[in-house]
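Asker: This one is my_file_24.cif, mmCIF, C-alpha atoms.
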data_run
loop_
_atom_site.label_atom_id
_atom_site.label_comp_id
_atom_site.auth_asym_id
_atom_site.auth_seq_id
_atom_site.Cartn_x
_atom_site.Cartn_y
_atom_site.Cartn_z
CA MET D 1 0.00 0.00 0.00
CA ASN D 2 2.81 2.38 0.88
CA ASN D 3 4.73 1.53 -2.28
CA HIS D 4 1.64 2.17 -4.37
CA SER D 5 1.15 5.56 -2.69
CA GLU D 6 4.77 6.54 -3.31
CA ILE D 7 4.51 5.60 -6.98
CA SER D 8 1.30 7.57 -7.34
CA ALA D 9 2.84 10.57 -5.66
CA ALA D 10 5.87 10.38 -7.93
CA ARG D 11 3.58 10.39 -10.97
CA VAL D 12 1.61 13.35 -9.74
CA ARG D 13 4.51 15.63 -8.81
CA PRO D 14 5.78 16.26 -12.37
CA ARG D 15 2.31 17.37 -13.47
CA HIS D 16 2.16 19.81 -10.60
CA HIS D 17 5.65 21.01 -11.50
CA GLU D 18 4.68 21.57 -15.14
CA GLY D 19 1.60 23.48 -14.06
CA ALA D 20 3.70 25.69 -11.84
CA ARG D 21 6.19 26.25 -14.70
CA PHE D 22 3.50 27.93 -16.82
CA ALA D 23 1.75 29.65 -13.91
CA ASP D 24 2.44 33.10 -15.34
CA TRP D 25 0.81 32.42 -18.71
CA PRO D 26 -1.90 35.12 -18.27
CA LEU D 27 0.75 37.80 -17.82
CA ALA D 28 2.80 36.46 -20.74
CA LEU D 29 -0.27 36.38 -22.98
CA LYS D 30 -1.15 39.97 -22.10
CA SER D 31 2.36 41.13 -22.93
CA ILE D 32 2.31 39.26 -26.27
CA LEU D 33 -1.04 40.73 -27.27
CA GLY D 34 0.16 44.16 -26.18
CA PHE D 35 3.29 43.97 -28.34
CA TRP D 36 1.39 42.87 -31.42
CA LEU D 37 -1.38 45.38 -30.82
CA VAL D 38 1.21 48.16 -30.97
CA TYR D 39 2.50 46.69 -34.22
CA TYR D 40 -0.98 46.50 -35.75
CA LEU D 41 -1.81 50.06 -34.70
CA THR D 42 1.22 51.27 -36.66
CA VAL D 43 0.00 49.23 -39.63
CA VAL D 44 -3.44 50.81 -39.35
CA GLY D 45 -1.88 54.25 -39.33
CA ARG D 46 0.16 53.42 -42.42
CA ALA D 47 -2.83 51.80 -44.18
CA PHE D 48 -5.02 54.88 -44.00
CA LEU D 49 -2.33 56.91 -45.71
CA SER D 50 -2.95 54.67 -48.73
CA PRO D 51 -5.90 54.75 -51.18
CA ASP D 52 -6.34 50.99 -50.60
CA PRO D 53 -6.23 50.48 -46.78
CA ALA D 54 -8.48 47.42 -46.79
CA THR D 55 -5.99 45.29 -48.74
CA ILE D 56 -3.10 46.35 -46.50
CA LEU D 57 -5.02 45.56 -43.31
CA PHE D 58 -6.18 42.21 -44.69
CA ASN D 59 -2.64 41.18 -45.61
CA ARG D 60 -1.18 42.35 -42.30
CA SER D 61 -3.83 40.41 -40.39
CA PHE D 62 -2.08 37.22 -41.44
CA THR D 63 1.20 38.67 -40.19
CA LEU D 64 -0.46 39.51 -36.88
CA VAL D 65 -1.91 36.03 -36.30
CA ILE D 66 1.29 34.23 -37.30
CA GLY D 67 3.36 36.55 -35.11
CA ILE D 68 1.20 35.95 -32.04
CA VAL D 69 1.43 32.18 -32.48
CA LEU D 70 5.22 32.29 -32.91
CA THR D 71 5.67 34.57 -29.88
CA LEU D 72 3.68 32.09 -27.83
CA GLY D 73 6.13 29.48 -29.09
CA ILE D 74 9.02 31.59 -27.76
CA TYR D 75 7.28 31.72 -24.37
CA VAL D 76 6.86 27.94 -24.32
CA ALA D 77 10.51 27.44 -25.32
CA ILE D 78 11.73 29.73 -22.55
CA LYS D 79 9.62 27.89 -20.00
CA LEU D 80 10.66 24.42 -21.16
CA PHE D 81 14.38 24.95 -21.68
CA ALA D 82 15.37 27.59 -19.11
CA ARG D 83 14.89 28.03 -15.39
CA GLN D 84 13.85 31.39 -14.04
CA GLU D 85 16.85 31.49 -11.70
CA ASN D 86 19.39 31.09 -14.55
CA LEU D 87 19.48 34.46 -16.32
CA ARG D 88 22.20 33.43 -18.77
CA ARG D 89 20.24 30.41 -19.94
CA LEU D 90 17.10 32.51 -20.24
CA VAL D 91 18.88 34.94 -22.54
CA ILE D 92 20.39 32.18 -24.69
CA VAL D 93 17.06 30.39 -25.10
CA GLY D 94 15.30 33.70 -25.77
CA VAL D 95 17.78 34.69 -28.51
CA LEU D 96 17.68 31.28 -30.22
CA ALA D 97 13.89 31.05 -30.03
CA SER D 98 13.55 34.61 -31.37
CA PHE D 99 15.80 33.81 -34.33
CA LEU D 100 13.85 30.64 -35.17
CA ALA D 101 10.56 32.51 -34.85
CA ALA D 102 11.83 35.29 -37.13
CA ALA D 103 12.95 32.75 -39.74
CA ALA D 104 9.59 30.97 -39.53
CA GLN D 105 7.74 34.29 -39.84
CA ALA D 106 9.73 35.21 -42.96
CA ALA D 107 9.23 31.77 -44.53
CA VAL D 108 5.48 31.72 -43.91
CA LEU D 109 4.98 35.26 -45.23
CA ILE D 110 6.91 34.39 -48.40
CA ALA D 111 4.85 31.21 -48.83
CA ILE D 112 1.50 33.00 -48.57
CA ASP D 113 2.58 35.97 -50.68
CA ARG D 114 1.26 34.33 -53.86
CA TYR D 115 -2.24 34.20 -52.38
CA GLN D 116 -2.42 37.83 -51.31
CA GLU D 117 -3.57 40.74 -53.39
CA LYS D 118 -1.21 43.65 -53.87
CA PRO D 119 -2.43 47.03 -52.60
CA GLN D 120 -3.47 49.24 -55.49
CA ASP D 121 -1.35 52.16 -54.37
CA GLU D 122 -0.22 54.41 -57.16
CA LEU D 123 3.23 55.95 -56.94
CA ARG D 124 4.22 58.37 -59.71
CA VAL D 125 7.73 59.80 -60.08
CA VAL D 126 9.61 61.65 -62.83
CA THR D 127 13.15 60.47 -63.42
CA ARG D 128 16.11 62.74 -64.17
CA GLU D 129 15.86 61.71 -67.78
CA GLY D 130 12.31 63.08 -67.94
CA HIS D 131 10.56 59.73 -67.98
CA THR D 132 7.40 59.25 -65.90
CA VAL D 133 7.35 56.05 -63.84
CA THR D 134 4.08 54.89 -62.28
CA GLU D 135 3.93 51.95 -59.86
CA THR D 136 0.58 50.32 -59.16
CA GLY D 137 0.63 47.06 -57.17
CA ASN D 138 3.20 44.85 -58.94
CA MET D 139 2.85 46.77 -62.24
CA ILE D 140 5.29 49.48 -63.36
CA ARG D 141 4.46 51.78 -66.30
CA VAL D 142 7.27 53.82 -67.88
CA GLU D 143 6.19 56.69 -70.18
CA ARG D 144 8.85 58.11 -72.48
CA GLU D 145 8.33 61.03 -74.78
CA GLY D 146 7.98 59.85 -78.36
CA HIS D 147 7.69 56.19 -77.40
CA GLU D 148 4.94 53.81 -76.49
CA PRO D 149 4.52 53.30 -72.69
CA LEU D 150 6.56 50.42 -71.35
CA VAL D 151 4.61 48.22 -68.90
CA LEU D 152 6.55 45.88 -66.60
CA THR D 153 5.12 43.26 -64.26
CA PHE D 154 7.16 42.28 -61.22
CA PRO D 155 7.02 38.56 -60.37
CA ARG D 156 5.89 37.47 -56.94
CA ILE D 157 8.53 36.40 -54.44
CA GLY D 158 7.76 32.74 -54.99
CA GLU D 159 8.48 33.17 -58.69
CA LEU D 160 11.98 34.55 -58.14
CA GLN D 161 15.17 32.54 -58.34
CA PRO D 162 15.93 30.49 -55.20
CA TRP D 163 18.97 32.57 -54.32
CA ILE D 164 16.98 35.80 -54.52
CA GLN D 165 14.19 34.25 -52.43
CA PHE D 166 16.80 33.29 -49.83
CA ARG D 167 18.11 36.88 -49.72
CA VAL D 168 14.60 38.26 -49.30
CA ALA D 169 13.92 35.74 -46.53
CA ALA D 170 17.21 36.62 -44.81
CA ASP D 171 16.40 40.34 -44.88
CA SER D 172 12.91 39.66 -43.51
CA THR D 173 14.36 37.36 -40.83
CA VAL D 174 16.69 40.09 -39.56
CA THR D 175 13.80 42.56 -39.39
CA TRP D 176 11.50 40.21 -37.48
CA PHE D 177 14.31 38.97 -35.23
CA PHE D 178 14.57 42.34 -33.55
CA PHE D 179 10.83 42.42 -32.93
CA PHE D 180 10.75 38.94 -31.38
CA ALA D 181 13.95 39.64 -29.43
CA ALA D 182 12.38 42.82 -28.04
CA TRP D 183 9.49 40.81 -26.60
CA SER D 184 11.86 38.16 -25.24
CA ALA D 185 13.95 40.83 -23.52
CA PHE D 186 10.80 42.39 -22.07
CA TYR D 187 9.56 39.06 -20.76
CA ILE D 188 12.94 38.05 -19.29
CA ALA D 189 13.12 41.44 -17.59
CA MET D 190 9.69 40.77 -16.07
CA LEU D 191 10.89 37.38 -14.84
CA SER D 192 14.03 38.89 -13.32
CA GLN D 193 12.03 41.60 -11.61
CA ALA D 194 9.56 39.06 -10.25
CA GLN D 195 12.43 36.93 -8.98
CA ALA D 196 14.07 39.92 -7.28
CA LEU D 197 10.79 41.01 -5.69
CA GLY D 198 10.12 37.44 -4.60
CA ALA D 199 13.55 37.21 -2.98
CA GLN D 200 12.96 40.51 -1.18
CA ARG D 201 9.55 39.32 -0.04
CA ARG D 202 10.97 36.03 1.25
CA VAL D 203 13.72 37.86 3.14
CA ALA D 204 11.15 40.22 4.65
CA GLU D 205 8.90 37.29 5.59
CA ALA D 206 11.84 35.43 7.13
CA GLU D 207 12.86 38.49 9.14
CA SER D 208 9.25 39.02 10.22
CA ALA D 209 8.91 35.36 11.23
CA ALA D 210 12.19 35.47 13.15
CA ARG D 211 11.15 38.66 14.91
CA ALA D 212 7.72 37.23 15.73
CA ALA D 213 9.36 34.07 17.12
CA GLN D 214 11.68 36.20 19.23
CA VAL D 215 8.78 38.26 20.55
CA ARG D 216 6.83 35.10 21.39
CA ALA D 217 9.80 33.58 23.21
CA LEU D 218 10.34 36.72 25.24
CA ARG D 219 6.63 37.03 25.95
CA TYR D 220 6.41 33.39 27.12
CA GLN D 221 9.09 34.16 29.67
CA VAL D 222 6.85 36.65 31.48
CA ASN D 223 4.28 34.26 32.91
CA PRO D 224 6.76 31.77 34.46
CA HIS D 225 8.70 34.70 35.89
CA PHE D 226 5.60 36.29 37.37
CA LEU D 227 4.33 32.93 38.64
CA PHE D 228 7.68 32.22 40.31
CA ASN D 229 7.60 35.53 42.22
CA THR D 230 3.93 35.24 43.13
CA LEU D 231 4.29 31.69 44.47
CA ASN D 232 7.17 32.90 46.61
CA SER D 233 4.91 35.59 48.01
CA LEU D 234 2.08 33.09 48.51
CA SER D 235 4.44 30.76 50.36
CA SER D 236 5.50 33.62 52.63
CA LEU D 237 1.85 34.39 53.49
CA VAL D 238 1.13 30.75 54.34
CA MET D 239 4.25 30.36 56.43
CA SER D 240 3.54 33.59 58.32
CA GLY D 241 0.05 32.41 59.29
CA ARG D 242 -2.01 34.65 57.03
CA PRO D 243 -4.36 32.18 55.31
CA GLN D 244 -7.04 34.75 54.50
CA GLU D 245 -4.57 36.93 52.58
CA ALA D 246 -3.19 33.80 50.89
CA GLU D 247 -6.69 32.79 49.74
CA GLU D 248 -7.35 36.30 48.44
CA MET D 249 -4.07 36.23 46.53
CA ILE D 250 -4.94 32.86 44.96
CA LEU D 251 -8.26 34.23 43.70
CA LYS D 252 -6.62 37.34 42.26
CA LEU D 253 -3.87 35.20 40.77
CA SER D 254 -6.39 33.02 38.94
CA THR D 255 -8.14 36.12 37.59
CA PHE D 256 -4.85 37.56 36.38
CA PHE D 257 -3.80 34.38 34.58
CA ARG D 258 -7.23 33.92 33.06
CA SER D 259 -6.86 37.38 31.52
CA SER D 260 -3.21 37.22 30.51
CA LEU D 261 -3.14 33.69 29.08
CA SER D 262 -6.00 34.47 26.73
CA LEU D 263 -3.78 36.99 24.91
CA ASP D 264 -1.90 36.18 21.74
CA PRO D 265 1.80 36.28 22.73
CA SER D 266 2.73 38.25 19.61
CA ALA D 267 -0.31 40.55 19.62
CA ASP D 268 -0.56 44.13 20.73
CA VAL D 269 -3.08 45.36 23.29
CA THR D 270 -4.37 48.83 24.04
CA LEU D 271 -2.82 50.82 26.82
CA ALA D 272 -6.14 50.65 28.67
CA GLU D 273 -6.08 46.83 28.52
CA GLU D 274 -2.45 46.70 29.64
CA ILE D 275 -3.18 49.02 32.59
CA ALA D 276 -6.17 46.83 33.54
CA LEU D 277 -3.87 43.77 33.70
CA GLN D 278 -1.38 45.68 35.84
CA ARG D 279 -4.17 46.70 38.20
CA LEU D 280 -4.93 42.98 38.69
CA TYR D 281 -1.28 42.30 39.44
CA LEU D 282 -0.99 45.25 41.82
CA ASP D 283 -4.13 44.08 43.62
CA ILE D 284 -2.23 40.85 44.30
CA GLU D 285 0.77 42.78 45.62
CA ARG D 286 -1.45 44.90 47.84
CA VAL D 287 -2.33 41.73 49.70
CA ARG D 288 1.36 41.34 50.53
CA PHE D 289 2.02 45.00 51.26
CA PRO D 290 -1.26 46.54 52.40
CA ARG D 291 0.40 49.45 54.24
CA ARG D 292 3.55 49.96 52.18
CA LEU D 293 2.30 50.07 48.60
CA LYS D 294 0.46 53.03 47.11
CA VAL D 295 -0.42 52.97 43.41
CA GLU D 296 -0.99 56.01 41.20
CA ILE D 297 -2.02 55.62 37.56
CA ASP D 298 -2.26 58.58 35.18
CA VAL D 299 -3.28 57.69 31.63
CA PRO D 300 -4.96 60.42 29.51
CA PRO D 301 -8.17 59.29 27.79
CA GLY D 302 -6.62 60.17 24.42
CA LEU D 303 -4.00 57.43 24.88
CA ALA D 304 -6.35 54.70 26.07
CA THR D 305 -6.40 53.12 22.60
CA ALA D 306 -2.64 53.38 22.00
CA LEU D 307 -1.18 49.96 21.15
CA LEU D 308 1.79 48.28 22.84
CA PRO D 309 3.02 44.68 23.29
CA ALA D 310 0.96 42.65 25.75
CA LEU D 311 2.36 42.54 29.31
CA ILE D 312 5.32 44.74 28.36
CA LEU D 313 4.89 46.61 31.66
CA GLN D 314 4.78 43.44 33.75
CA PRO D 315 8.53 42.91 34.39
CA VAL D 316 9.04 46.61 35.12
CA VAL D 317 6.23 46.71 37.68
CA GLU D 318 7.52 43.48 39.24
CA ASN D 319 10.98 45.00 39.59
CA ALA D 320 9.48 48.09 41.18
CA ILE D 321 7.79 45.89 43.78
CA LYS D 322 10.79 43.64 44.34
CA TYR D 323 13.48 46.30 44.62
CA GLY D 324 11.44 49.30 45.72
CA VAL D 325 8.69 48.03 48.01
CA SER D 326 9.89 44.71 49.39
CA PRO D 327 13.21 45.88 50.97
CA THR D 328 11.74 48.85 52.87
CA ARG D 329 9.23 49.39 55.69
CA GLU D 330 8.26 52.83 54.47
CA LYS D 331 5.36 53.66 52.19
CA VAL D 332 6.33 53.57 48.53
CA VAL D 333 4.41 55.26 45.72
CA LEU D 334 4.43 53.27 42.50
CA ARG D 335 3.33 55.47 39.62
CA ILE D 336 2.38 54.53 36.06
CA ALA D 337 1.94 57.51 33.74
CA ALA D 338 1.55 57.97 29.99
CA ARG D 339 1.77 60.99 27.75
CA GLU D 340 2.37 61.87 24.11
CA ALA D 341 6.01 62.39 23.18
CA GLY D 342 5.87 64.32 19.93
CA PRO D 343 4.30 63.51 16.56
CA GLY D 344 3.51 59.81 16.21
CA ARG D 345 5.04 58.73 19.54
CA PHE D 346 3.97 58.24 23.13
CA MET D 347 5.71 57.54 26.40
CA VAL D 348 4.94 55.25 29.34
CA GLU D 349 6.78 55.88 32.61
CA ILE D 350 6.91 53.55 35.63
CA SER D 351 8.55 55.01 38.72
CA ASN D 352 8.70 54.38 42.44
CA SER D 353 9.69 56.56 45.37
CA GLY D 354 11.61 53.86 47.26
CA LYS D 355 15.05 54.57 48.64
CA ARG D 356 16.57 51.69 46.64
CA GLY D 357 16.54 51.27 42.89
CA SER D 358 13.54 49.33 41.70
CA ALA D 359 15.31 47.79 38.74
CA ARG D 360 18.68 46.63 37.62
CA LYS D 361 20.54 47.02 34.40
CA PRO D 362 19.72 44.47 31.70
CA ASP D 363 23.15 42.86 31.93
CA ASP D 364 22.89 42.34 35.69
CA THR D 365 21.50 39.05 36.96
CA PRO D 366 18.83 39.65 39.59
CA GLU D 367 17.53 37.08 41.98
CA GLY D 368 14.84 34.65 40.85
CA THR D 369 14.61 33.82 37.15
CA GLY D 370 16.96 36.50 35.88
CA LEU D 371 14.35 38.53 33.98
CA GLY D 372 13.45 42.21 34.18
CA LEU D 373 14.49 45.20 32.15
CA GLY D 374 16.52 42.99 29.82
CA ASN D 375 13.32 41.23 28.77
CA VAL D 376 11.48 44.52 28.26
CA CYS D 377 14.20 46.21 26.21
CA GLU D 378 14.74 43.09 24.11
CA ARG D 379 11.03 42.78 23.36
CA LEU D 380 10.85 46.42 22.30
CA ARG D 381 13.86 46.01 20.00
CA ALA D 382 12.38 42.84 18.50
CA ARG D 383 8.99 44.44 17.97
CA PHE D 384 9.85 47.99 16.87
CA GLY D 385 13.59 48.08 16.15
CA ASN D 386 15.01 51.60 16.40
CA ALA D 387 11.53 53.12 16.47
CA ALA D 388 11.24 52.36 20.22
CA GLN D 389 13.42 53.45 23.12
CA CYS D 390 13.89 52.11 26.65
CA ASP D 391 15.52 54.40 29.25
CA PHE D 392 15.96 53.71 32.95
CA GLY D 393 17.91 54.93 35.91
CA PRO D 394 17.75 56.15 39.54
CA VAL D 395 15.79 59.23 40.49
CA ASP D 396 17.28 62.08 42.50
CA GLY D 397 16.17 61.73 46.10
CA GLY D 398 15.61 57.99 45.84
CA GLY D 399 13.63 55.62 43.72
CA TYR D 400 13.91 54.43 40.17
CA ARG D 401 12.29 55.27 36.87
CA VAL D 402 11.80 53.38 33.61
CA VAL D 403 10.62 55.25 30.50
CA MET D 404 9.48 53.47 27.34
CA THR D 405 8.94 55.51 24.17
CA LEU D 406 6.96 53.75 21.44
CA PRO D 407 5.38 54.55 18.05
CA LEU D 408 1.83 55.79 18.51
CA ASP D 409 -0.51 53.42 16.72
CA ARG D 410 -4.12 53.39 17.85
CA ALA D 411 -6.50 50.43 17.90
CA ASP D 412 -9.24 52.51 16.29
CA GLY D 413 -7.01 53.37 13.31
#
I need this file expressed as structure tokens, please.
Answerer:
Amino acid sequence: MNNHSEISAARVRPRHHEGARFADWPLALKSILGFWLVYYLTVVGRAFLSPDPATILFNRSFTLVIGIVLTLGIYVAIKLFARQENLRRLVIVGVLASFLAAAAQAAVLIAIDRYQEKPQDELRVVTREGHTVTETGNMIRVEREGHEPLVLTFPRIGELQPWIQFRVAADSTVTWFFFFAAWSAFYIAMLSQAQALGAQRRVAEAESAARAAQVRALRYQVNPHFLFNTLNSLSSLVMSGRPQEAEEMILKLSTFFRSSLSLDPSADVTLAEEIALQRLYLDIERVRFPRRLKVEIDVPPGLATALLPALILQPVVENAIKYGVSPTREKVVLRIAAREAGPGRFMVEISNSGKRGSARKPDDTPEGTGLGLGNVCERLRARFGNAAQCDFGPVDGGGYRVVMTLPLDRADG
């Protein structure tokens, strides 16, 4: 059964490959028709300068149809004998196919010449000798003073000597070669451009995928980090004989995780949603520090819909609690504020009034899981590149401050 499936799959793949090879046929057909339409429009313009435009247009219609068919043949040859990635082979196949098409065009036009009527244009000139020469179709009339008019009939191309027919065909081949080669060059240029744009698109998609993977990895670090710290706090409450506070913390913890885990790790949330999650977290911390922690939040209504990465504030707020509130017995004010920071940018500031710094530098290794500002700054770089900024440092008089500046993109457009 497996062998039969493998054989069937092997038979199917080439068909799929051939279909993919000619996937751009609508674009190729449009370009072919466009080239020959331009040619025919020039013929139309030339025809209506003649007293017999109908014959000219009728004859050139055969040229048009044959040319379209042969140009399609060039397209098929390029697709069958050259890969899109090999520009040199594309050019070689295009040149050879154009030459063969030009030779075929010349041969066919010579073959059907005997069946076509000659336009009844009349061209009259007076030679230097004073003779009047009139050309009408394939007839030439020479009028000489004092002599009977001399009427000459030119033979059709098929009636000429083979060597002369070959010269006419060679001249016609050279003329048509440049037309077919022009289309081949145009089509190969389209292929090269499509290949270059495809390569750029694949690079951009790869960079985007890598950045999204990095953002997800950094985002997934937040919950274990937060859970580690919260379980430590919960353990302290149980061991210190405060079961009621421990139960309250468990309920708030479940609410927080129910809200945070429902978020897409790579998605953005509004500033209002992010602040709401931080309120849940700070409610948990208030159970631990009911008399030491005071929270102030100042977010203008105009920035409520500003977008930022989900839980980007979480490590910063945790650091503020760990290094600003936990080590001291004094009351600490933890403040979260937002404001616009110039055209197309906004700023979020997290600060605390503790005597010790509430955060460490990204290259320091704090206690616990080793996360903090390093996670925040790395996520911002992965998400926004140089468009975002992360500044931090101690505040005069005590405390610590972290300022994140981000592009201002609103959820409501």
Asker: Using the chain letters and numbers from the file, which residues does the PyMOL selection byres ((chain D and resi 76-79) around 10) grab, as a list in words?
Answerer: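 Here the PyMOL selection byres ((chain D and resi 76-79) around 10) matches Glu18, Arg21, Phe22, Trp25, Leu70, Thr71, Leu72, Gly73, Ile74, Tyr75, Leu80, Phe81, Ala82, Arg83, Gln84, Arg89, Leu90, Val91, Ile92, Val93, Gly94, Val95, Leu96, Ala97, Ser98, Ser184, Tyr187 and Ile188 of chain D.
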Asker: Excluding same-chain residues fewer than 4 positions from region 164-177 of chain D, what lies within 6 Å of it counting only C-alpha atoms, as number ranges by chain?
Answerer: D: 98-99, 102-103, 106, 181
Asker: Calculate how many Å separate CA of Pro243 (chain D) from CA of Phe257 (chain D), rounding to one decimal.
Answerer: 20.9 Å
Asker: So what do you get for CA of Asp268 (chain D) versus CA of Ser353 (chain D), distance-wise?
Answerer: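 CA of Asp268 (chain D) sits 29.4 Å away from CA of Ser353 (chain D).
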Asker: What does the PyMOL selection byres ((chain D and resi 36) around 10) select in this file, as an MDAnalysis selection string?
Answerer: chainID D and resid 31:35 37:42 63:65 67:68 71 179 183
Asker: Which residue, D:Ala54, D:Ala101, D:Thr230, D:Thr405, has the smallest gap to Asn386 (chain D) when you use only C-alpha atoms?
Answerer: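 Going through D:Ala54, D:Ala101, D:Thr230, D:Thr405 one by one, the smallest distance to Asn386 (chain D) is for D:Thr405.
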Asker: Could you please determine the separation between CA of Val348 (chain D) and CA of Val403 (chain D) in Å, to one decimal place?
Answerer: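 CA of Val403 (chain D) lies 5.8 Å from CA of Val348 (chain D).
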Asker: Compare D:Arg379, D:Phe346, D:Leu152, D:Pro327 by their minimum atom-to-atom distance to Pro407 (chain D), counting all atoms listed in the file, and give me the closest one.
Answerer: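 Nearest candidate to Pro407 (chain D) out of D:Arg379, D:Phe346, D:Leu152, D:Pro327: D:Phe346.
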Asker: Exactly which residues make up the result of the PyMOL selection byres ((chain D and resi 312-320) around 7) on this file, given as a list of chain:residue names?
Answerer: D:Gln278, D:Pro309, D:Ala310, D:Leu311, D:Ile321, D:Lys322, D:Tyr323, D:Gly324, D:Val325, D:Asn352, D:Ser358, D:Ala359, D:Gly372, D:Leu373, D:Val376
Asker: Which residue is closest to Ala47 (chain D)? Choose from D:Ser233, D:Asn59, D:Ser254, D:Ser192 and count all atoms listed in the file.
Answerer: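 Smallest separation from Ala47 (chain D) among the options: D:Asn59.
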